[in-house]
$ cat model-v2.cif   # mmCIF, C-alpha atoms and all ligand atoms
data_model
#
loop_
_atom_site.label_atom_id
_atom_site.label_comp_id
_atom_site.auth_asym_id
_atom_site.auth_seq_id
_atom_site.Cartn_x
_atom_site.Cartn_y
_atom_site.Cartn_z
CA MET J 14 0.00 0.00 0.00
CA ARG J 15 1.13 3.49 -0.75
CA ASN J 16 0.90 6.30 1.75
CA THR J 17 -1.21 8.91 -0.04
CA LEU J 18 -0.86 11.61 2.63
CA GLN J 19 1.35 14.46 1.48
CA HIS J 20 1.60 16.07 4.91
CA GLN J 21 1.08 15.36 8.58
CA ASN J 22 -2.52 15.92 9.61
CA ARG J 23 -3.41 18.28 12.39
CA LEU J 24 -6.63 17.21 14.08
CA LEU J 25 -8.79 20.12 15.23
CA ILE J 26 -11.40 17.77 16.65
CA PRO J 27 -12.37 16.57 20.14
CA GLY J 28 -10.99 13.04 19.68
CA PRO J 29 -9.10 11.26 18.45
CA VAL J 30 -6.56 14.03 18.93
CA SER J 31 -3.21 14.95 17.41
CA LEU J 32 -0.54 13.04 19.32
CA SER J 33 2.67 14.43 20.66
CA ASP J 34 5.66 13.23 18.63
CA VAL J 35 7.01 11.30 21.61
CA ILE J 36 3.97 9.00 21.72
CA ARG J 37 4.01 7.41 18.27
CA PRO J 38 7.46 5.75 18.64
CA VAL J 39 6.47 3.81 21.78
CA MET J 40 3.79 2.05 19.74
CA LEU J 41 6.13 0.73 17.06
CA ASP J 42 7.22 -2.40 18.91
CA ASP J 43 5.07 -5.47 19.54
CA HIS J 44 4.39 -6.71 23.05
CA SER J 45 2.43 -9.51 24.64
CA ALA J 46 -0.04 -8.61 27.36
CA GLY J 47 1.67 -10.64 30.05
CA GLU J 48 5.13 -9.09 29.83
CA PRO J 49 6.21 -7.53 33.13
CA GLU J 50 6.67 -4.10 31.55
CA MET J 51 3.12 -4.18 30.14
CA ILE J 52 1.71 -5.20 33.52
CA GLU J 53 3.71 -2.46 35.22
CA ALA J 54 2.59 0.19 32.69
CA LEU J 55 -1.04 -0.75 33.25
CA ARG J 56 -0.61 -0.69 37.01
CA ALA J 57 1.07 2.74 36.96
CA ALA J 58 -1.56 4.14 34.58
CA ARG J 59 -4.38 2.92 36.82
CA ARG J 60 -2.74 4.44 39.88
CA TYR J 61 -2.20 7.81 38.18
CA LEU J 62 -5.79 8.01 36.90
CA THR J 63 -7.11 7.12 40.35
CA GLU J 64 -5.02 9.99 41.75
CA LEU J 65 -6.30 12.41 39.10
CA ALA J 66 -9.87 11.52 40.15
CA ARG J 67 -8.97 12.13 43.82
CA ALA J 68 -10.10 8.58 44.43
CA GLU J 69 -7.04 7.07 46.17
CA GLY J 70 -7.94 4.53 48.84
CA TRP J 71 -11.60 4.63 47.78
CA GLY J 72 -11.79 3.95 44.09
CA THR J 73 -10.36 1.72 41.43
CA THR J 74 -9.55 2.36 37.77
CA ILE J 75 -10.59 -0.29 35.27
CA PRO J 76 -9.06 -0.30 31.77
CA PHE J 77 -11.56 -1.21 29.10
CA PRO J 78 -10.94 -1.98 25.43
CA GLY J 79 -12.73 -0.03 22.74
CA SER J 80 -13.78 3.59 22.46
CA ALA J 81 -15.48 5.29 25.39
CA THR J 82 -18.95 4.39 24.14
CA TYR J 83 -18.15 0.76 24.97
CA ALA J 84 -17.21 1.78 28.50
CA ASN J 85 -20.36 3.91 28.89
CA GLU J 86 -22.41 0.89 27.93
CA ALA J 87 -20.44 -1.32 30.32
CA VAL J 88 -21.07 1.17 33.15
CA ILE J 89 -24.83 1.11 32.60
CA ARG J 90 -24.82 -2.68 32.35
CA THR J 91 -22.67 -3.19 35.43
CA PHE J 92 -23.79 -0.47 37.85
CA VAL J 93 -27.55 -0.35 37.37
CA PRO J 94 -28.98 -3.52 38.93
CA ASN J 95 -31.66 -5.53 37.20
CA ASP J 96 -34.38 -4.00 39.36
CA GLY J 97 -32.89 -0.50 39.05
CA ARG J 98 -33.99 2.46 36.99
CA LEU J 99 -31.80 5.10 35.40
CA LEU J 100 -32.55 8.79 34.95
CA VAL J 101 -30.60 9.86 31.86
CA HIS J 102 -29.99 13.53 31.23
CA SER J 103 -29.33 14.74 27.70
CA ASN J 104 -28.72 18.10 26.11
CA GLY J 105 -26.82 16.94 23.05
CA ALA J 106 -25.64 14.07 20.86
CA TYR J 107 -23.62 12.27 23.56
CA GLY J 108 -26.47 12.36 26.07
CA ASP J 109 -28.65 10.97 23.29
CA TRP J 110 -26.24 8.04 22.84
CA LEU J 111 -26.79 7.14 26.52
CA ILE J 112 -30.54 7.08 25.90
CA THR J 113 -30.06 4.90 22.82
CA MET J 114 -27.99 2.46 24.88
CA CYS J 115 -30.74 2.16 27.50
CA ARG J 116 -33.30 1.48 24.78
CA ARG J 117 -31.15 -1.16 23.09
CA MET J 118 -30.41 -3.00 26.33
CA GLU J 119 -34.02 -2.58 27.53
CA MET J 120 -32.79 -0.87 30.68
CA PRO J 121 -35.69 0.74 32.58
CA HIS J 122 -34.98 4.46 32.25
CA VAL J 123 -36.46 7.95 32.37
CA VAL J 124 -35.21 10.77 30.16
CA LEU J 125 -34.60 14.37 31.20
CA ARG J 126 -33.98 16.54 28.14
CA THR J 127 -32.91 20.15 28.45
CA PRO J 128 -31.96 22.73 25.76
CA PRO J 129 -28.50 22.42 24.14
CA THR J 130 -27.33 25.98 24.78
CA ARG J 131 -27.51 26.31 28.57
CA PRO J 132 -26.76 24.07 31.57
CA PRO J 133 -29.68 22.23 33.17
CA THR J 134 -31.03 23.68 36.42
CA SER J 135 -31.40 22.12 39.82
CA ALA J 136 -35.19 22.58 39.52
CA GLU J 137 -35.23 20.52 36.32
CA PHE J 138 -33.38 17.64 37.99
CA ARG J 139 -35.48 17.84 41.15
CA LYS J 140 -38.66 17.67 39.13
CA ALA J 141 -37.44 14.64 37.14
CA LEU J 142 -36.39 12.84 40.32
CA ALA J 143 -39.68 13.64 42.05
CA LEU J 144 -41.73 12.28 39.14
CA ASP J 145 -40.44 8.73 39.54
CA SER J 146 -39.57 7.29 42.92
CA GLN J 147 -38.20 4.09 41.32
CA ILE J 148 -35.13 5.88 39.98
CA THR J 149 -31.98 4.35 41.52
CA HIS J 150 -29.26 6.00 39.38
CA VAL J 151 -28.62 9.19 37.41
CA MET J 152 -26.33 9.35 34.40
CA MET J 153 -25.16 12.51 32.66
CA VAL J 154 -22.48 13.88 30.36
CA HIS J 155 -19.99 16.31 31.92
CA VAL J 156 -18.85 18.17 28.80
CA GLU J 157 -21.35 17.67 25.96
CA THR J 158 -18.95 17.45 23.04
CA SER J 159 -21.59 18.07 20.38
CA SER J 160 -21.69 21.72 21.52
CA GLY J 161 -18.93 22.20 24.12
CA LEU J 162 -21.46 22.86 26.89
CA LEU J 163 -20.25 22.30 30.45
CA ASN J 164 -22.86 20.48 32.54
CA PRO J 165 -22.98 21.02 36.34
CA ILE J 166 -22.06 17.62 37.76
CA GLU J 167 -21.43 19.19 41.18
CA MET J 168 -25.05 20.37 41.44
CA VAL J 169 -26.37 16.97 40.34
CA ALA J 170 -24.00 15.18 42.74
CA ASP J 171 -25.52 17.20 45.60
CA LEU J 172 -29.02 16.16 44.57
CA CYS J 173 -27.94 12.53 44.24
CA SER J 174 -26.57 12.61 47.78
CA THR J 175 -29.79 14.18 49.09
CA TYR J 176 -32.06 11.72 47.28
CA HIS J 177 -29.74 8.67 47.66
CA LYS J 178 -29.23 8.00 43.95
CA GLY J 179 -26.08 6.54 42.41
CA LEU J 180 -24.38 9.01 40.06
CA LEU J 181 -22.74 7.82 36.82
CA VAL J 182 -20.81 10.35 34.72
CA ASP J 183 -19.64 10.37 31.12
CA ALA J 184 -16.52 12.47 31.66
CA VAL J 185 -15.05 11.42 28.33
CA ALA J 186 -14.49 14.97 27.07
CA SER J 187 -13.47 16.51 30.40
CA PHE J 188 -11.33 14.09 32.40
CA GLY J 189 -7.66 15.00 32.36
CA ALA J 190 -8.38 18.73 32.10
CA LEU J 191 -11.41 19.78 34.16
CA PRO J 192 -11.13 19.08 37.90
CA ILE J 193 -13.29 16.20 39.16
CA ASP J 194 -13.13 15.08 42.78
CA MET J 195 -14.91 11.73 42.60
CA LYS J 196 -14.83 10.94 46.28
CA GLU J 197 -16.08 14.39 47.28
CA LEU J 198 -18.90 14.19 44.69
CA ASN J 199 -19.54 10.54 45.53
CA ILE J 200 -19.63 9.55 41.86
CA GLN J 201 -20.17 5.78 41.61
CA ALA J 202 -18.56 5.44 38.21
CA LEU J 203 -16.99 7.76 35.68
CA VAL J 204 -15.93 7.05 32.10
CA LEU J 205 -12.97 8.53 30.30
CA SER J 206 -11.12 7.84 27.10
CA SER J 207 -7.41 7.65 26.36
CA ASN J 208 -7.89 9.74 23.24
CA LYS J 209 -9.34 13.03 24.49
CA CYS J 210 -7.81 15.20 27.23
CA ILE J 211 -5.36 12.41 28.10
CA GLU J 212 -4.04 12.92 24.53
CA GLY J 213 -3.24 9.27 23.87
CA PRO J 214 -4.12 7.05 20.90
CA PRO J 215 -7.64 5.62 20.48
CA GLY J 216 -8.64 2.06 21.36
CA LEU J 217 -8.71 2.16 25.15
CA ALA J 218 -11.20 3.59 27.64
CA TRP J 219 -11.14 3.68 31.43
CA VAL J 220 -13.77 3.49 34.14
CA ILE J 221 -12.97 4.94 37.55
CA CYS J 222 -15.38 3.81 40.23
CA ASP J 223 -16.18 3.56 43.89
CA ARG J 224 -14.74 0.18 44.84
CA ALA J 225 -17.46 -0.47 47.43
CA ALA J 226 -20.18 0.18 44.85
CA LEU J 227 -18.43 -2.05 42.31
CA GLU J 228 -18.27 -4.88 44.84
CA CYS J 229 -22.08 -4.94 44.92
CA CYS J 230 -22.26 -5.34 41.13
CA GLU J 231 -21.33 -9.00 40.77
CA GLY J 232 -23.71 -10.65 38.33
CA ASN J 233 -25.48 -7.43 37.25
CA ALA J 234 -24.08 -7.17 33.77
CA ARG J 235 -25.94 -9.89 31.83
CA SER J 236 -23.10 -9.57 29.34
CA LEU J 237 -19.69 -11.20 29.43
CA SER J 238 -17.55 -8.67 27.59
CA LEU J 239 -19.25 -5.61 29.16
CA ASP J 240 -18.93 -6.82 32.76
CA LEU J 241 -16.77 -4.30 34.62
CA TRP J 242 -16.89 -6.25 37.86
CA ASP J 243 -15.30 -9.19 36.08
CA GLN J 244 -12.79 -7.03 34.19
CA ASP J 245 -11.70 -5.33 37.43
CA ARG J 246 -11.20 -8.66 39.17
CA SER J 247 -9.08 -9.99 36.34
CA VAL J 248 -6.93 -6.87 36.07
CA ASP J 249 -6.50 -6.69 39.85
CA ARG J 250 -5.56 -10.34 40.24
CA THR J 251 -3.50 -11.00 37.14
CA GLY J 252 -2.55 -7.59 35.75
CA CYS J 253 -4.15 -8.70 32.49
CA PHE J 254 -7.41 -8.14 30.64
CA ARG J 255 -9.75 -11.11 30.34
CA PHE J 256 -9.44 -11.01 26.55
CA THR J 257 -6.89 -9.58 24.10
CA PRO J 258 -5.97 -6.05 25.18
CA PRO J 259 -5.12 -3.24 22.74
CA THR J 260 -1.41 -3.56 23.57
CA HIS J 261 -0.19 -0.69 21.38
CA SER J 262 -2.89 1.61 22.75
CA ILE J 263 -1.92 0.70 26.32
CA ARG J 264 1.70 1.66 25.67
CA GLY J 265 0.59 4.86 23.97
CA ALA J 266 -1.76 5.70 26.84
CA TYR J 267 0.99 5.13 29.38
CA ALA J 268 3.33 7.48 27.48
CA ALA J 269 0.50 10.03 27.24
CA LEU J 270 -0.08 9.87 30.99
CA GLU J 271 3.62 10.43 31.65
CA LEU J 272 3.41 13.52 29.43
CA HIS J 273 0.28 14.63 31.27
CA ARG J 274 2.13 14.44 34.57
CA ALA J 275 5.18 16.22 33.11
CA GLU J 276 3.02 19.05 31.76
CA GLY J 277 1.75 19.69 35.28
CA GLY J 278 -1.33 17.49 35.49
CA SER J 279 -4.94 18.43 34.79
CA ALA J 280 -4.60 22.06 35.92
CA ALA J 281 -1.79 22.77 33.44
CA ARG J 282 -3.66 21.04 30.66
CA LEU J 283 -6.79 23.04 31.41
CA ARG J 284 -4.76 26.27 31.26
CA ARG J 285 -3.39 25.35 27.82
CA TYR J 286 -6.86 24.47 26.56
CA HIS J 287 -8.25 27.76 27.89
CA VAL J 288 -5.54 29.64 26.00
CA ASN J 289 -6.30 27.60 22.86
CA ARG J 290 -10.02 28.25 23.02
CA ARG J 291 -9.61 31.94 23.79
CA ARG J 292 -7.28 32.38 20.79
CA LEU J 293 -9.63 30.39 18.53
CA VAL J 294 -12.80 32.19 19.62
CA ASN J 295 -11.24 35.67 19.65
CA ASP J 296 -9.77 35.25 16.18
CA MET J 297 -13.01 33.80 14.79
CA ARG J 298 -15.04 36.61 16.37
CA ASN J 299 -12.66 39.13 14.85
CA LEU J 300 -13.57 37.70 11.45
CA GLY J 301 -17.26 38.10 12.35
CA PHE J 302 -18.16 34.53 13.43
CA GLN J 303 -20.57 34.02 16.32
CA THR J 304 -20.41 31.20 18.88
CA LEU J 305 -23.35 28.98 19.76
CA LEU J 306 -22.63 29.19 23.48
CA ALA J 307 -22.08 32.08 25.83
CA ASP J 308 -18.47 31.91 27.10
CA ALA J 309 -19.68 31.26 30.66
CA HIS J 310 -21.23 27.92 29.58
CA ALA J 311 -18.48 26.75 27.23
CA ALA J 312 -15.78 24.23 28.17
CA PRO J 313 -12.42 24.71 26.42
CA ILE J 314 -12.63 21.37 24.59
CA VAL J 315 -14.43 22.28 21.41
CA ALA J 316 -15.99 25.53 20.17
CA THR J 317 -19.19 25.68 18.12
CA PHE J 318 -19.73 28.44 15.56
CA TYR J 319 -22.75 29.42 13.50
CA ASP J 320 -22.37 28.97 9.76
CA PRO J 321 -21.78 32.29 7.98
CA ASN J 322 -24.92 33.86 6.55
CA ASP J 323 -23.51 34.13 3.04
CA GLU J 324 -24.83 32.42 -0.10
CA HIS J 325 -21.29 31.42 -1.13
CA TYR J 326 -20.70 29.45 2.08
CA ASP J 327 -20.60 25.68 1.76
CA PHE J 328 -19.47 23.57 4.74
CA GLY J 329 -18.33 20.64 2.57
CA ARG J 330 -16.08 22.91 0.51
CA MET J 331 -14.65 24.57 3.63
CA TYR J 332 -13.97 21.15 5.15
CA ASP J 333 -12.26 19.91 1.97
CA GLY J 334 -10.22 23.10 1.59
CA LEU J 335 -8.90 22.76 5.13
CA ALA J 336 -8.35 18.99 4.82
CA SER J 337 -6.24 19.51 1.69
CA GLN J 338 -3.84 21.42 3.96
CA GLY J 339 -3.95 18.69 6.62
CA LEU J 340 -6.31 20.62 8.90
CA ILE J 341 -9.14 18.35 9.98
CA ILE J 342 -12.18 19.94 11.62
CA VAL J 343 -15.24 18.13 12.98
CA PRO J 344 -17.39 16.77 10.15
CA GLY J 345 -20.60 16.00 12.07
CA ARG J 346 -22.47 15.02 15.26
CA LEU J 347 -23.89 18.42 16.01
CA ALA J 348 -26.09 19.60 18.83
CA VAL J 349 -27.64 22.32 16.65
CA PRO J 350 -28.04 22.39 12.84
CA GLY J 351 -26.42 25.29 11.01
CA THR J 352 -23.28 25.21 13.16
CA PHE J 353 -19.81 23.69 12.92
CA ARG J 354 -17.18 22.80 15.49
CA ILE J 355 -13.45 23.15 16.01
CA GLY J 356 -11.60 21.26 18.74
CA CYS J 357 -9.01 22.82 21.07
CA ILE J 358 -7.51 19.65 22.60
CA GLY J 359 -4.60 17.39 21.70
CA ALA J 360 -1.02 18.42 20.97
CA LEU J 361 -2.17 21.93 19.98
CA THR J 362 -1.01 25.34 21.09
CA GLU J 363 -2.21 28.91 20.74
CA ASP J 364 -0.24 29.10 17.45
CA SER J 365 -2.05 26.04 16.09
CA MET J 366 -5.33 27.84 16.73
CA SER J 367 -4.37 31.13 15.06
CA ASN J 368 -2.94 29.23 12.07
CA ALA J 369 -6.22 27.32 11.78
CA VAL J 370 -8.28 30.51 11.80
CA GLY J 371 -5.98 32.01 9.16
CA ALA J 372 -6.58 28.94 6.99
CA ILE J 373 -10.36 29.19 7.51
CA ARG J 374 -10.29 32.86 6.50
CA ASP J 375 -8.33 32.06 3.31
CA VAL J 376 -10.51 29.10 2.33
CA LEU J 377 -13.68 31.15 2.84
CA HIS J 378 -12.28 34.13 0.92
CA ASP J 379 -11.42 31.80 -1.99
CA MET J 380 -15.02 30.58 -1.84
CA GLY J 381 -16.25 34.16 -2.13
CA VAL J 382 -17.66 34.40 1.40
CA GLN J 383 -17.80 38.03 2.58
CA ARG J 384 -20.10 37.86 5.60
CA PHE J 385 -18.93 35.60 8.45
CA GLY J 386 -21.69 36.42 10.91
CA ALA J 387 -24.75 34.25 11.55
CA GLY J 388 -28.05 35.15 9.95
CA PRO J 389 -30.91 36.49 12.05
CA ALA J 390 -32.78 33.21 11.37
CA ALA J 391 -30.05 31.10 13.04
CA LEU J 392 -29.80 33.38 16.06
CA GLY J 393 -33.56 33.81 16.32
CA ALA J 394 -34.09 30.06 16.34
CA MET J 395 -32.30 29.86 19.69
C1 LIG T 401 -15.96 11.13 22.56
C2 LIG T 401 -17.08 11.04 23.51
C3 LIG T 401 -17.69 9.81 23.82
C4 LIG T 401 -17.28 8.52 23.19
O1 LIG T 401 -17.36 8.50 21.84
P1 LIG T 401 -16.57 7.37 21.03
O2 LIG T 401 -17.05 7.59 19.62
O3 LIG T 401 -16.98 6.08 21.60
O4 LIG T 401 -15.13 7.68 21.22
C5 LIG T 401 -18.68 9.79 24.76
N1 LIG T 401 -19.07 10.91 25.39
C6 LIG T 401 -18.51 12.10 25.14
C7 LIG T 401 -18.97 13.30 25.90
C8 LIG T 401 -17.50 12.20 24.19
O5 LIG T 401 -16.92 13.39 23.95
#
$ encode --input "model-v2.cif" --output "structure tokens"
Amino acid sequence: MRNTLQHQNRLLIPGPVSLSDVIRPVMLDDHSAGEPEMIEALRAARRYLTELARAEGWGTTIPFPGSATYANEAVIRTFVPNDGRLLVHSNGAYGDWLITMCRRMEMPHVVLRTPPTRPPTSAEFRKALALDSQITHVMMVHVETSSGLLNPIEMVADLCSTYHKGLLVDAVASFGALPIDMKELNIQALVLSSNKCIEGPPGLAWVICDRAALECCEGNARSLSLDLWDQDRSVDRTGCFRFTPPTHSIRGAYAALELHRAEGGSAARLRRYHVNRRRLVNDMRNLGFQTLLADAHAAPIVATFYDPNDEHYDFGRMYDGLASQGLIIVPGRLAVPGTFRIGCIGALTEDSMSNAVGAIRDVLHDMGVQRFGAGPAALGAM
């Protein structure tokens, strides 16, 4: 096969992300799962992630093969007992995936939907919880990647403590950058991916959970491969997955976590992402673009912009024009039609963001676009 790429791609998307140049080389060699250095890398990675979640001495970190969707599904299967009922919150595409999972696995569930452009309120959650006394667990997305909206897990964690519900969190787009104190918030289980704010390669997800809660989950899963209780036991006892692990991804994830620590942990990463988003949004606004979200509600993971209100604008042509220069923006999965998204995470800096906006300006000028602002129809629809 011939490599048809003329250049190195730069991914401006919220996962998988552009890797640091030090990560790719560690994935070039082949390793078996049982080698001592593989077992040690997995052990060190689990310990570091448990520390990042502030869950030392209370929680455990379970590696799980596949993308984070697989781990979200495993969390629902494992943590919600057969006589349980899940309240699922959604205000975007990733919340909607959680609802789809519940439907497919015939998990008794109740849906709380709120608008995609603002965080849900405490009153909305209280009302949903009061409507159905059978609810045992609540699941929500921390950063809704289809818009970039930051959801208030702290507020929901308070309600879950008051009403004695188990809280499950999809922290796939936030963990590794935004602070999450699992023990303080009493989150039963949280899902993250190696390929978002951890900045590792795809193929491996992680579930961090309250060990005491996990111990009550034996036999819940009604699935072999999605049973986290079983996976945790195997990894704890043998240092190995039950089935073939993504060995190259594990080595890449371990290298990515070492880089994460060297950068200064989650706080340093969050600072870099804030700088990236501010540069991106300021430069885009200077061109005339408008953001879907108010800055106060936006997490620095991905930014959503309204399409320009100009007859010459064509998203497909903009995407292709950028891709021909190796700049890959998000092609789909939107919270709101008539918008597009640009990611701020991965091995990107403030310069990467201003270069990207320069490329967008040039591609749109070549297309004949003059007006970058959103039309009154788009803004009015919100
Ligand atoms: C990326 C992401 C997921 C997982 O998506 P995959 O396609 O399985 O990687 C889940 N939730 C959120 C919020 C995400 O950003």
$ residues_around --input "model-v2.cif" --residues "region 50-54 of chain J" --least-positions-apart "2" --cutoff "12 Å" --atoms "only C-alpha atoms" --output "PDB file with C-alpha atoms, in the coordinates of the input"
ATOM      1  CA  ASP J  43       5.070  -5.470  19.540  1.00  0.00           C
ATOM      2  CA  HIS J  44       4.390  -6.710  23.050  1.00  0.00           C
ATOM      3  CA  SER J  45       2.430  -9.510  24.640  1.00  0.00           C
ATOM      4  CA  ALA J  46      -0.040  -8.610  27.360  1.00  0.00           C
ATOM      5  CA  GLY J  47       1.670 -10.640  30.050  1.00  0.00           C
ATOM      6  CA  GLU J  48       5.130  -9.090  29.830  1.00  0.00           C
ATOM      7  CA  ARG J  56      -0.610  -0.690  37.010  1.00  0.00           C
ATOM      8  CA  ALA J  57       1.070   2.740  36.960  1.00  0.00           C
ATOM      9  CA  ALA J  58      -1.560   4.140  34.580  1.00  0.00           C
ATOM     10  CA  ARG J  59      -4.380   2.920  36.820  1.00  0.00           C
ATOM     11  CA  ARG J  60      -2.740   4.440  39.880  1.00  0.00           C
ATOM     12  CA  TYR J  61      -2.200   7.810  38.180  1.00  0.00           C
ATOM     13  CA  PRO J  76      -9.060  -0.300  31.770  1.00  0.00           C
ATOM     14  CA  VAL J 248      -6.930  -6.870  36.070  1.00  0.00           C
ATOM     15  CA  ASP J 249      -6.500  -6.690  39.850  1.00  0.00           C
ATOM     16  CA  ARG J 250      -5.560 -10.340  40.240  1.00  0.00           C
ATOM     17  CA  THR J 251      -3.500 -11.000  37.140  1.00  0.00           C
ATOM     18  CA  GLY J 252      -2.550  -7.590  35.750  1.00  0.00           C
ATOM     19  CA  CYS J 253      -4.150  -8.700  32.490  1.00  0.00           C
ATOM     20  CA  PHE J 254      -7.410  -8.140  30.640  1.00  0.00           C
ATOM     21  CA  PRO J 258      -5.970  -6.050  25.180  1.00  0.00           C
ATOM     22  CA  PRO J 259      -5.120  -3.240  22.740  1.00  0.00           C
ATOM     23  CA  THR J 260      -1.410  -3.560  23.570  1.00  0.00           C
ATOM     24  CA  HIS J 261      -0.190  -0.690  21.380  1.00  0.00           C
ATOM     25  CA  SER J 262      -2.890   1.610  22.750  1.00  0.00           C
ATOM     26  CA  ILE J 263      -1.920   0.700  26.320  1.00  0.00           C
ATOM     27  CA  ARG J 264       1.700   1.660  25.670  1.00  0.00           C
ATOM     28  CA  GLY J 265       0.590   4.860  23.970  1.00  0.00           C
ATOM     29  CA  ALA J 266      -1.760   5.700  26.840  1.00  0.00           C
ATOM     30  CA  TYR J 267       0.990   5.130  29.380  1.00  0.00           C
ATOM     31  CA  ALA J 268       3.330   7.480  27.480  1.00  0.00           C
ATOM     32  CA  ALA J 269       0.500  10.030  27.240  1.00  0.00           C
ATOM     33  CA  LEU J 270      -0.080   9.870  30.990  1.00  0.00           C
ATOM     34  CA  GLU J 271       3.620  10.430  31.650  1.00  0.00           C
TER      35      GLU J 271
END
$ residues_around --input "model-v2.cif" --residues "Ser33 (chain J)" --least-positions-apart "4" --cutoff "9 Å" --atoms "all atoms listed in the file" --output "VMD selection string"
chain J and resid 37 212 to 213 269 272 359 to 361
$ residues_around --input "model-v2.cif" --residues "Ala218 (chain J)" --least-positions-apart "4" --cutoff "7 Å" --atoms "all atoms listed in the file" --output "list in words"
Pro76, Phe77, Pro78, Gly79, Ser80, Ala81, Ala84, Leu205, Ser206 and Ser207 of chain J
$ residues_around --input "model-v2.cif" --residues "Leu347 (chain J)" --least-positions-apart "6" --cutoff "9 Å" --atoms "only C-alpha atoms" --output "list in words"
Gly105, Ala106, Thr158, Ser159, Ser160, Thr317, Phe353 and Arg354 of chain J
$ closest_residue --input "model-v2.cif" --among "J:Pro192, J:Pro165, J:Gly345, J:Pro215" --to "ligand LIG 401 (chain T)" --atoms "only C-alpha atoms and all ligand atoms"
J:Pro215
$ residues_near_ligand --input "model-v2.cif" --ligand "ligand LIG 401 (chain T)" --cutoff "7 Å" --atoms "all atoms listed in the file" --output "list of chain:residue names"
J:Pro27, J:Gly28, J:Ser80, J:Ala81, J:Thr82, J:Tyr83, J:Tyr107, J:Val154, J:His155, J:Val156, J:Glu157, J:Thr158, J:Asp183, J:Ala184, J:Val185, J:Ala186
$ residues_near_point --input "model-v2.cif" --point "(-27.4, 21.8, 10.5)" --cutoff "12 Å" --atoms "only C-alpha atoms" --output "list in words"
Thr317, Phe318, Tyr319, Asp320, Asp327, Phe328, Pro344, Gly345, Arg346, Leu347, Ala348, Val349, Pro350, Gly351, Thr352, Phe353, Arg354 and Ala391 of chain J
$ residues_around --input "model-v2.cif" --residues "Ser174 (chain J)" --least-positions-apart "4" --cutoff "12 Å" --atoms "only C-alpha atoms" --output "list in words"
Thr149, His150, Val151, Glu167, Met168, Val169, Ala170, Lys178, Gly179, Leu180, Lys196, Glu197, Leu198, Asn199, Ile200 and Gln201 of chain J
$ axis_aligned_box --input "model-v2.cif" --around "region 293-311 of chain J" --padding-each-side "6 Å" --output "JSON"
{"center_x": -16.5, "center_y": 32.9, "center_z": 21.1, "size_x": 25.7, "size_y": 24.4, "size_z": 31.2}
$ atom_distance --input "model-v2.cif" --atom1 "CA of Gly334 (chain J)" --atom2 "CA of Arg384 (chain J)"
18.2 Å
$ closest_residue --input "model-v2.cif" --among "J:Ala226, J:Asp42, J:Arg374, J:Asp34" --to "Gln21 (chain J)" --atoms "only C-alpha atoms"
J:Asp34
$ closest_residue --input "model-v2.cif" --among "J:Met331, J:Val30, J:Cys115, J:Leu65" --to "Val88 (chain J)" --atoms "all atoms listed in the file"
J:Cys115
